[in-house]
>>> print(open('target-v2.tsv').read())   # TSV, C-alpha atoms
chain	number	residue	atom	x	y	z
F	129	MET	CA	106.28	90.29	53.51
F	130	GLU	CA	103.45	92.23	55.07
F	131	ARG	CA	102.75	95.41	53.09
F	132	GLY	CA	100.23	98.15	53.30
F	133	SER	CA	98.69	100.10	50.44
F	134	ARG	CA	97.80	103.59	49.24
F	135	ASP	CA	94.25	102.26	48.95
F	136	SER	CA	94.00	101.86	52.73
F	137	PHE	CA	93.57	105.60	53.23
F	138	THR	CA	89.84	106.08	52.75
F	139	ARG	CA	88.31	107.64	55.89
F	140	MET	CA	88.97	110.90	57.71
F	141	GLY	CA	88.82	111.37	61.46
F	142	THR	CA	88.19	107.86	62.75
F	143	LEU	CA	90.06	106.83	65.89
F	144	GLY	CA	91.72	103.79	67.37
F	145	ILE	CA	93.51	103.54	70.71
F	146	GLU	CA	96.14	100.94	71.55
F	147	GLU	CA	97.40	100.59	75.12
F	148	GLU	CA	100.31	98.53	76.38
F	149	CYS	CA	99.89	97.58	80.04
F	150	PHE	CA	101.55	95.40	82.67
F	151	VAL	CA	100.29	92.12	84.08
F	152	VAL	CA	100.98	92.24	87.81
F	153	ASP	CA	100.18	90.22	90.94
F	154	GLU	CA	97.89	91.36	93.74
F	155	ARG	CA	100.70	93.52	95.17
F	156	GLY	CA	101.29	95.19	91.81
F	157	ARG	CA	104.56	93.43	91.04
F	158	PRO	CA	105.29	92.29	87.46
F	159	THR	CA	104.48	88.67	86.74
F	160	SER	CA	104.23	86.46	83.66
F	161	GLY	CA	100.58	86.26	82.72
F	162	THR	CA	100.10	86.76	79.03
F	163	ASP	CA	100.12	83.06	78.18
F	164	GLU	CA	97.07	82.58	80.38
F	165	LEU	CA	95.30	85.79	79.42
F	166	VAL	CA	95.96	85.72	75.66
F	167	TYR	CA	96.26	82.02	74.78
F	168	GLU	CA	94.78	79.81	77.48
F	169	HIS	CA	91.45	81.57	78.15
F	170	ASP	CA	88.99	83.30	75.86
F	171	PRO	CA	88.81	87.02	76.63
F	172	PRO	CA	85.55	89.01	76.85
F	173	GLU	CA	83.89	89.60	73.49
F	174	ILE	CA	85.07	93.19	73.12
F	175	LEU	CA	88.67	91.96	73.37
F	176	ALA	CA	88.30	89.16	70.83
F	177	ASP	CA	91.06	89.74	68.23
F	178	ARG	CA	92.00	92.91	70.13
F	179	LEU	CA	94.15	91.40	72.89
F	180	ASP	CA	97.79	90.48	72.38
F	181	HIS	CA	101.07	90.53	74.22
F	182	GLU	CA	104.38	92.25	73.68
F	183	LEU	CA	107.97	91.10	74.05
F	184	PHE	CA	107.75	90.23	77.75
F	185	LYS	CA	105.15	87.94	79.27
F	186	PHE	CA	104.13	90.70	81.66
F	187	VAL	CA	103.28	93.25	78.93
F	188	ILE	CA	99.83	92.99	77.34
F	189	GLU	CA	98.23	95.12	74.63
F	190	THR	CA	94.64	96.07	73.89
F	191	GLN	CA	93.02	97.80	70.95
F	192	THR	CA	89.69	99.59	70.88
F	193	PRO	CA	87.22	98.83	68.12
F	194	LEU	CA	87.16	101.41	65.34
F	195	ILE	CA	85.78	104.63	66.81
F	196	GLU	CA	83.67	106.40	64.22
F	197	ASP	CA	82.81	109.46	66.34
F	198	PRO	CA	85.41	111.09	68.61
F	199	ASP	CA	82.66	111.63	71.20
F	200	ASP	CA	82.55	107.83	71.62
F	201	ALA	CA	86.24	107.54	72.53
F	202	ARG	CA	85.66	107.64	76.30
F	203	GLU	CA	83.08	104.87	76.31
F	204	SER	CA	85.14	102.72	73.96
F	205	LEU	CA	88.26	103.07	76.12
F	206	ARG	CA	86.26	102.42	79.29
F	207	SER	CA	84.73	99.24	77.88
F	208	VAL	CA	88.08	97.84	76.78
F	209	ARG	CA	89.80	98.68	80.05
F	210	GLU	CA	86.97	97.24	82.13
F	211	ALA	CA	87.03	94.03	80.10
F	212	LEU	CA	90.80	93.70	80.51
F	213	VAL	CA	90.70	94.31	84.28
F	214	ASP	CA	87.86	91.80	84.71
F	215	HIS	CA	89.58	89.21	82.50
F	216	ALA	CA	92.78	89.54	84.50
F	217	ALA	CA	90.98	89.37	87.84
F	218	ALA	CA	89.19	86.17	86.81
F	219	HIS	CA	92.60	84.54	86.56
F	220	ASP	CA	94.16	86.11	89.67
F	221	PHE	CA	96.06	88.91	87.96
F	222	ARG	CA	95.82	92.68	88.05
F	223	ILE	CA	96.70	95.25	85.38
F	224	ALA	CA	98.95	98.28	85.81
F	225	ALA	CA	100.10	101.03	83.46
F	226	ALA	CA	103.07	103.38	83.13
F	227	GLY	CA	105.82	103.90	80.59
F	228	LEU	CA	108.01	101.48	82.53
F	229	HIS	CA	107.08	99.46	85.59
F	230	PRO	CA	109.26	100.93	88.36
F	231	LEU	CA	110.07	97.54	89.89
F	232	ALA	CA	110.55	95.56	86.67
F	233	LYS	CA	114.04	94.09	86.28
F	234	TRP	CA	114.38	92.78	82.77
F	235	ARG	CA	116.92	90.07	83.59
F	236	GLU	CA	114.41	88.47	85.98
F	237	LEU	CA	111.41	88.50	83.61
F	238	GLU	CA	110.38	86.04	80.90
F	239	HIS	CA	110.35	86.84	77.22
F	240	ALA	CA	107.40	85.79	75.09
F	241	GLU	CA	107.79	82.69	72.92
F	242	LYS	CA	106.00	84.07	69.86
F	243	PRO	CA	108.23	83.50	66.79
F	244	ARG	CA	108.10	87.20	65.85
F	245	TYR	CA	109.62	88.21	69.18
F	246	ARG	CA	112.12	85.36	69.25
F	247	SER	CA	113.34	86.54	65.86
F	248	GLN	CA	113.66	90.11	67.13
F	249	LEU	CA	115.60	88.98	70.19
F	250	ASP	CA	118.00	87.08	67.97
F	251	ARG	CA	118.47	89.91	65.46
F	252	ILE	CA	118.53	92.91	67.78
F	253	GLN	CA	120.08	91.35	70.89
F	254	TYR	CA	120.69	93.51	73.99
F	255	PRO	CA	118.48	96.53	73.15
F	256	GLN	CA	115.47	94.25	72.64
F	257	HIS	CA	116.28	91.91	75.54
F	258	ARG	CA	115.86	94.85	77.96
F	259	ASN	CA	112.81	96.44	76.28
F	260	THR	CA	110.24	96.49	79.10
F	261	THR	CA	108.52	99.59	77.72
F	262	ALA	CA	104.78	100.28	77.44
F	263	GLY	CA	103.11	103.12	75.58
F	264	VAL	CA	99.89	104.53	74.18
F	265	HIS	CA	99.34	104.62	70.41
F	266	VAL	CA	96.63	106.80	68.86
F	267	HIS	CA	95.44	106.17	65.29
F	268	VAL	CA	93.58	108.89	63.39
F	269	GLY	CA	92.05	108.04	60.03
F	270	VAL	CA	93.13	110.01	56.95
F	271	ASP	CA	91.35	109.82	53.61
F	272	ASP	CA	94.31	110.26	51.27
F	273	ALA	CA	97.75	108.62	51.34
F	274	ASP	CA	99.77	111.69	50.33
F	275	LYS	CA	97.86	113.76	52.86
F	276	ALA	CA	98.68	111.19	55.56
F	277	VAL	CA	102.41	111.41	54.85
F	278	TRP	CA	102.29	115.22	54.84
F	279	ILE	CA	100.46	115.19	58.19
F	280	ALA	CA	102.96	112.73	59.66
F	281	ASN	CA	105.79	115.03	58.56
F	282	GLU	CA	104.18	117.99	60.30
F	283	LEU	CA	103.31	116.05	63.44
F	284	ARG	CA	106.99	115.45	64.15
F	285	TRP	CA	107.30	118.87	65.79
F	286	TYR	CA	104.37	118.12	68.11
F	287	VAL	CA	105.69	114.75	69.28
F	288	PRO	CA	107.82	116.24	72.11
F	289	ILE	CA	104.84	118.17	73.48
F	290	MET	CA	102.84	115.00	73.90
F	291	LEU	CA	105.83	113.11	75.29
F	292	ALA	CA	106.57	115.82	77.87
F	293	LEU	CA	102.94	115.84	79.03
F	294	SER	CA	102.83	112.05	79.24
F	295	ALA	CA	106.20	111.53	81.00
F	296	ASN	CA	105.50	108.67	83.40
F	297	SER	CA	108.61	106.50	83.60
F	298	PRO	CA	111.35	107.80	85.89
F	299	PHE	CA	112.45	104.35	87.10
F	300	TRP	CA	114.01	101.56	85.07
F	301	ASN	CA	115.51	98.26	86.14
F	302	GLY	CA	115.21	99.24	89.78
F	303	PHE	CA	116.81	102.68	89.84
F	304	ASP	CA	115.92	106.33	89.32
F	305	THR	CA	117.20	107.36	85.88
F	306	GLY	CA	116.97	111.11	86.50
F	307	LEU	CA	114.73	111.25	83.42
F	308	GLN	CA	111.02	111.95	83.24
F	309	SER	CA	110.41	109.44	80.42
F	310	ALA	CA	113.10	106.79	80.57
F	311	ARG	CA	110.80	104.65	78.43
F	312	ALA	CA	111.36	106.91	75.43
F	313	LYS	CA	115.14	106.62	75.78
F	314	ILE	CA	115.13	102.86	76.36
F	315	PHE	CA	112.93	102.36	73.31
F	316	GLU	CA	115.25	104.48	71.16
F	317	GLY	CA	117.88	101.79	71.66
F	318	LEU	CA	116.01	99.70	69.08
F	319	PRO	CA	116.53	100.22	65.34
F	320	ASN	CA	113.94	102.20	63.35
F	321	THR	CA	112.70	104.18	66.34
F	322	GLY	CA	112.58	107.81	67.44
F	323	MET	CA	111.96	110.81	65.27
F	324	PRO	CA	111.41	109.88	61.60
F	325	THR	CA	112.83	111.80	58.70
F	326	HIS	CA	110.78	113.85	56.23
F	327	PHE	CA	109.14	112.05	53.29
F	328	GLU	CA	108.19	113.85	50.08
F	329	ASP	CA	104.96	111.93	49.52
F	330	PHE	CA	103.40	108.51	49.88
F	331	ASP	CA	105.43	107.01	47.06
F	332	ALA	CA	108.63	108.01	48.86
F	333	PHE	CA	107.43	106.42	52.09
F	334	ASP	CA	106.25	103.31	50.23
F	335	ARG	CA	109.65	102.93	48.55
F	336	PHE	CA	111.34	103.22	51.95
F	337	GLU	CA	109.02	100.66	53.53
F	338	ARG	CA	109.55	98.27	50.61
F	339	ARG	CA	113.33	98.72	50.67
F	340	MET	CA	113.47	97.97	54.40
F	341	LEU	CA	111.51	94.77	53.86
F	342	GLU	CA	113.42	93.63	50.79
F	343	THR	CA	116.82	94.16	52.38
F	344	GLY	CA	115.93	92.30	55.56
F	345	ALA	CA	116.18	95.40	57.75
F	346	ILE	CA	112.71	94.57	59.10
F	347	GLU	CA	110.62	91.42	58.91
F	348	ASP	CA	107.26	93.19	58.70
F	349	ARG	CA	105.91	96.70	58.31
F	350	GLY	CA	105.12	96.86	62.01
F	351	GLU	CA	108.83	96.99	62.85
F	352	LEU	CA	109.00	100.60	61.70
F	353	TRP	CA	108.65	101.78	65.30
F	354	TYR	CA	108.94	105.55	64.75
F	355	ASP	CA	107.23	108.07	67.03
F	356	VAL	CA	104.78	108.94	64.29
F	357	ARG	CA	104.08	107.10	61.05
F	358	PRO	CA	101.50	106.66	58.32
F	359	HIS	CA	100.04	103.22	58.99
F	360	THR	CA	99.76	101.75	55.54
F	361	ALA	CA	97.47	98.89	56.58
F	362	HIS	CA	94.96	100.79	58.73
F	363	GLY	CA	94.88	103.98	56.64
F	364	THR	CA	95.76	106.14	59.62
F	365	VAL	CA	98.42	108.40	60.99
F	366	GLU	CA	99.68	106.75	64.16
F	367	LEU	CA	101.15	108.72	67.05
F	368	ARG	CA	103.21	106.36	69.21
F	369	THR	CA	104.62	108.94	71.60
F	370	PRO	CA	102.96	108.84	75.06
F	371	ASP	CA	104.04	106.77	78.04
F	372	GLY	CA	101.48	104.32	79.36
F	373	GLN	CA	98.91	105.78	81.78
F	374	ALA	CA	96.74	104.33	84.53
F	375	ASP	CA	94.28	107.24	84.39
F	376	PRO	CA	91.98	107.16	81.34
F	377	ASP	CA	91.50	110.94	81.47
F	378	VAL	CA	95.16	111.41	80.59
F	379	VAL	CA	94.90	109.01	77.66
F	380	LEU	CA	91.75	110.72	76.43
F	381	ALA	CA	93.48	114.10	76.57
F	382	PHE	CA	96.10	112.77	74.16
F	383	VAL	CA	93.40	111.26	71.96
F	384	GLU	CA	91.62	114.63	71.83
F	385	TYR	CA	94.87	116.43	71.01
F	386	ALA	CA	95.94	113.93	68.36
F	387	HIS	CA	92.55	114.06	66.64
F	388	ALA	CA	92.46	117.87	66.69
F	389	LEU	CA	96.00	118.09	65.33
F	390	VAL	CA	95.33	115.70	62.46
F	391	GLU	CA	92.08	117.46	61.52
F	392	ALA	CA	93.77	120.88	61.58
F	393	LEU	CA	96.73	119.67	59.56
F	394	ALA	CA	94.43	117.97	57.06
F	395	ALA	CA	92.67	121.30	56.50
F	396	ALA	CA	96.04	123.04	56.07
F	397	TYR	CA	97.10	120.43	53.50
F	398	GLU	CA	93.87	120.88	51.56
F	399	ASP	CA	94.44	124.66	51.58
F	400	GLY	CA	97.83	124.16	49.93
F	401	THR	CA	99.90	125.14	52.97
F	402	SER	CA	103.61	124.53	52.56
F	403	GLY	CA	104.99	122.01	55.01
F	404	ARG	CA	107.94	122.70	57.32
F	405	ARG	CA	111.01	120.63	56.65
F	406	HIS	CA	112.52	120.79	60.11
F	407	ARG	CA	115.89	119.14	60.54
F	408	ARG	CA	115.59	115.87	62.38
F	409	GLU	CA	118.42	116.93	64.70
F	410	LEU	CA	116.41	119.89	66.01
F	411	LEU	CA	113.36	117.72	66.51
F	412	ASP	CA	115.54	115.23	68.37
F	413	GLU	CA	116.73	118.05	70.64
F	414	ASN	CA	113.14	118.89	71.52
F	415	LYS	CA	112.39	115.25	72.19
F	416	TRP	CA	115.42	115.00	74.47
F	417	ARG	CA	114.16	118.02	76.42
F	418	ALA	CA	110.82	116.25	76.89
F	419	ILE	CA	112.56	113.05	78.03
F	420	ARG	CA	114.78	114.87	80.49
F	421	HIS	CA	112.50	117.59	81.84
F	422	GLY	CA	108.88	116.50	81.26
F	423	HIS	CA	106.46	119.19	82.41
F	424	ASP	CA	109.38	121.59	82.97
F	425	ALA	CA	110.62	121.35	79.38
F	426	THR	CA	111.38	124.34	77.18
F	427	PHE	CA	111.40	123.73	73.43
F	428	ILE	CA	112.86	125.23	70.30
F	429	ASP	CA	109.81	126.94	68.83
F	430	ARG	CA	108.23	125.82	65.57
F	431	ASP	CA	109.65	128.77	63.64
F	432	LEU	CA	113.13	127.92	65.03
F	433	GLU	CA	113.57	131.54	66.13
F	434	GLY	CA	113.50	131.09	69.90
F	435	THR	CA	112.30	128.86	72.72
F	436	VAL	CA	108.95	128.37	74.40
F	437	ASP	CA	108.07	126.51	77.59
F	438	LEU	CA	105.57	123.70	77.73
F	439	GLY	CA	102.97	125.69	79.66
F	440	GLU	CA	102.87	128.41	77.03
F	441	LEU	CA	102.66	125.82	74.27
F	442	VAL	CA	99.77	124.07	75.98
F	443	ASP	CA	97.86	127.35	76.30
F	444	ARG	CA	98.57	128.15	72.67
F	445	GLU	CA	97.47	124.73	71.42
F	446	CYS	CA	94.29	124.64	73.48
F	447	GLU	CA	93.23	128.04	72.18
F	448	ARG	CA	94.19	127.26	68.59
F	449	LEU	CA	92.48	123.87	68.47
F	450	GLY	CA	89.56	124.43	70.84
F	451	ILE	CA	90.57	121.65	73.25
F	452	ASP	CA	91.22	121.53	76.97
F	453	GLY	CA	92.36	118.04	77.95
F	454	ILE	CA	96.09	118.65	77.70
F	455	LYS	CA	95.67	121.80	79.82
F	456	ARG	CA	94.30	119.68	82.67
F	457	VAL	CA	97.14	117.19	82.23
F	458	TYR	CA	99.71	119.97	82.39
F	459	GLU	CA	98.18	121.50	85.51
F	460	ARG	CA	98.21	118.26	87.49
F	461	GLU	CA	101.25	116.58	89.01
F	462	SER	CA	103.18	114.77	86.30
F	463	GLY	CA	103.27	111.00	86.31
F	464	ALA	CA	107.03	110.95	86.86
F	465	SER	CA	106.84	113.40	89.78
F	466	ARG	CA	104.01	111.45	91.36
F	467	GLN	CA	105.94	108.18	91.14
F	468	ARG	CA	108.99	109.71	92.79
F	469	ARG	CA	106.91	111.33	95.53
F	470	LEU	CA	104.98	108.17	96.33
F	471	LEU	CA	108.11	106.07	96.53
F	472	GLU	CA	109.81	108.54	98.85
F	473	GLU	CA	106.81	109.26	101.07
F	474	ASP	CA	104.97	105.93	101.18
F	475	GLY	CA	107.24	103.25	99.74
F	476	PRO	CA	107.07	100.73	96.89
F	477	ASP	CA	103.68	99.25	97.83
F	478	ALA	CA	101.97	102.62	97.45
F	479	LEU	CA	103.85	103.27	94.23
F	480	CYS	CA	102.73	99.96	92.72
F	481	GLU	CA	99.15	100.49	93.86
F	482	SER	CA	99.06	103.90	92.15
F	483	LEU	CA	99.70	102.24	88.80
F	484	PHE	CA	96.67	99.92	88.81
F	485	LEU	CA	94.65	100.49	85.64
F	486	GLN	CA	91.55	102.63	86.13
F	487	PRO	CA	88.66	101.69	83.80
F	488	SER	CA	86.98	105.06	84.31
>>> encode(input="target-v2.tsv", output="structure tokens")
Amino acid sequence: MERGSRDSFTRMGTLGIEEECFVVDERGRPTSGTDELVYEHDPPEILADRLDHELFKFVIETQTPLIEDPDDARESLRSVREALVDHAAAHDFRIAAAGLHPLAKWRELEHAEKPRYRSQLDRIQYPQHRNTTAGVHVHVGVDDADKAVWIANELRWYVPIMLALSANSPFWNGFDTGLQSARAKIFEGLPNTGMPTHFEDFDAFDRFERRMLETGAIEDRGELWYDVRPHTAHGTVELRTPDGQADPDVVLAFVEYAHALVEALAAAYEDGTSGRRHRRELLDENKWRAIRHGHDATFIDRDLEGTVDLGELVDRECERLGIDGIKRVYERESGASRQRRLLEEDGPDALCESLFLQPS
């Protein structure tokens, strides 16, 4: 059984970015390509041991090298994306990104043959068979295990903000869901997903992780697919909230926000600040509002005394944390709105073309 350790948490403020993307043909339609790209051909050096696939043969995942300085995040992401696009092109594929591919129909697509995924398909059945989702995961290093769990607890309230800003998956299985992030709702059909509960400290989280493994609830630590979690192998707090994005500037805005949040919360922890033990049900309500309304969402405020719209929250967070990336994301057309507009105005070819991965 794969386990992490308290000893993994040694460094503060490092970054890692994982992106799940779609392998598509020259017209941007989903196609099985991960066998060729992951197994049959050696990838560029920067992707060695950092390229894998997900449940479906049209979903591929990359990881950046460890990013020591946040100022290097852009170049690291650009290098990985460029390598992936070039690797795919060399074998007659293209790469696209969104929370869900708007034309993907899960019954018509091939599942991966990796034993881990075959086991999940057998255990989980329908919810996993239809799981064509793709997201962005941001890891931020934390230098103490108890601090990491405290930060993860506090980050739960911020998860819906990031989800609302990232909403980029209105279509699933060939129809308009009426949601802004259908990906988030589809993914919640799996066990051990969504908004996690509060944990007292690292020992409490470690006992939970161990109990889930020992009882057969999960086969490895990685199957704790919550929106935010302490990653007990990498020594990070991992935010798994955003939909996939073609535009690197959007991803980098979330990286900037995640890093600033973790650093601010780490300072609050060190100052002895009392954490907020928000009920999971209220956090779930905020997440639902992000799923349904995206950029137009209004949330239950952090003090639980009223509501606040996303625009006001973005202004507040940018001023508080000294960032500006999420402000630019909020002010532009949302991914979900853009997908709907392109499909209506220009048709499916234009929609698929808009999702091609942009290295920079």
>>> residues_around(input="target-v2.tsv", residues="F:Val277", least_positions_apart="3", cutoff="7 Å", atoms="only C-alpha atoms", output="ChimeraX atom specification")
/F:273-274,280-281,327,329-330,358
>>> residues_around(input="target-v2.tsv", residues="F:Thr360", least_positions_apart="6", cutoff="12 Å", atoms="all atoms listed in the file", output="PyMOL selection string")
chain F and resi 130-138+267+269-274+276-277+330-331+333-334+337-338+348-350+352+366
>>> residues_around(input="target-v2.tsv", residues="F:Asp163", least_positions_apart="2", cutoff="12 Å", atoms="all atoms listed in the file", output="list in words")
Val151, Thr159, Ser160, Gly161, Leu165, Val166, Tyr167, Glu168, His169, Asp170, Leu179, Asp180, His181, Glu182, Leu183, Phe184, Lys185, Phe186, Val187, Ile188, Ala216, His219, Glu238, His239, Ala240, Glu241 and Lys242 of chain F
>>> write_last_selection(input="target-v2.tsv", atoms="C-alpha atoms", output="compact mmCIF listing (two decimals), in the coordinates of the input")
# COMPACT_ATOMS: atom_id res chain seq x y z
CA VAL F 151 100.29 92.12 84.08
CA THR F 159 104.48 88.67 86.74
CA SER F 160 104.23 86.46 83.66
CA GLY F 161 100.58 86.26 82.72
CA LEU F 165 95.30 85.79 79.42
CA VAL F 166 95.96 85.72 75.66
CA TYR F 167 96.26 82.02 74.78
CA GLU F 168 94.78 79.81 77.48
CA HIS F 169 91.45 81.57 78.15
CA ASP F 170 88.99 83.30 75.86
CA LEU F 179 94.15 91.40 72.89
CA ASP F 180 97.79 90.48 72.38
CA HIS F 181 101.07 90.53 74.22
CA GLU F 182 104.38 92.25 73.68
CA LEU F 183 107.97 91.10 74.05
CA PHE F 184 107.75 90.23 77.75
CA LYS F 185 105.15 87.94 79.27
CA PHE F 186 104.13 90.70 81.66
CA VAL F 187 103.28 93.25 78.93
CA ILE F 188 99.83 92.99 77.34
CA ALA F 216 92.78 89.54 84.50
CA HIS F 219 92.60 84.54 86.56
CA GLU F 238 110.38 86.04 80.90
CA HIS F 239 110.35 86.84 77.22
CA ALA F 240 107.40 85.79 75.09
CA GLU F 241 107.79 82.69 72.92
CA LYS F 242 106.00 84.07 69.86
>>> closest_residue(input="target-v2.tsv", among="F:Glu148, F:Ala392, F:Pro376, F:Asp199", to="F:Gly450", atoms="only C-alpha atoms")
F:Ala392
>>> atom_distance(input="target-v2.tsv", atom1="atom CA of F:Gln248", atom2="atom CA of F:Phe315")
13.7 Å
>>> decode(input="target-v2.tsv", residues="stretch 389-414 of chain F", atoms="C-alpha atoms", output="mmCIF file, in the first residue's frame")
data_model
loop_
_atom_site.group_PDB
_atom_site.id
_atom_site.type_symbol
_atom_site.label_atom_id
_atom_site.label_comp_id
_atom_site.auth_asym_id
_atom_site.auth_seq_id
_atom_site.Cartn_x
_atom_site.Cartn_y
_atom_site.Cartn_z
ATOM 1 C CA LEU F 389 -3.000 31.765 -0.406
ATOM 2 C CA VAL F 390 -0.730 29.060 0.979
ATOM 3 C CA GLU F 391 1.969 31.558 1.969
ATOM 4 C CA ALA F 392 -0.587 33.815 3.697
ATOM 5 C CA LEU F 393 -2.200 30.913 5.509
ATOM 6 C CA ALA F 394 1.193 29.572 6.567
ATOM 7 C CA ALA F 395 1.964 32.945 8.161
ATOM 8 C CA ALA F 396 -1.424 32.919 9.913
ATOM 9 C CA TYR F 397 -0.743 29.416 11.256
ATOM 10 C CA GLU F 398 2.648 30.473 12.572
ATOM 11 C CA ASP F 399 1.009 33.468 14.279
ATOM 12 C CA GLY F 400 -1.327 31.118 16.152
ATOM 13 C CA THR F 401 -4.476 32.123 14.270
ATOM 14 C CA SER F 402 -7.485 29.957 15.055
ATOM 15 C CA GLY F 403 -8.782 28.058 12.062
ATOM 16 C CA ARG F 404 -12.389 28.212 10.864
ATOM 17 C CA ARG F 405 -14.299 24.978 11.136
ATOM 18 C CA HIS F 406 -16.851 25.638 8.428
ATOM 19 C CA ARG F 407 -19.520 23.014 7.966
ATOM 20 C CA ARG F 408 -18.892 20.949 4.878
ATOM 21 C CA GLU F 409 -22.514 21.474 3.803
ATOM 22 C CA LEU F 410 -22.021 25.246 3.549
ATOM 23 C CA LEU F 411 -18.817 24.798 1.606
ATOM 24 C CA ASP F 412 -20.648 22.401 -0.705
ATOM 25 C CA GLU F 413 -23.296 25.069 -1.278
ATOM 26 C CA ASN F 414 -20.629 27.536 -2.359
#
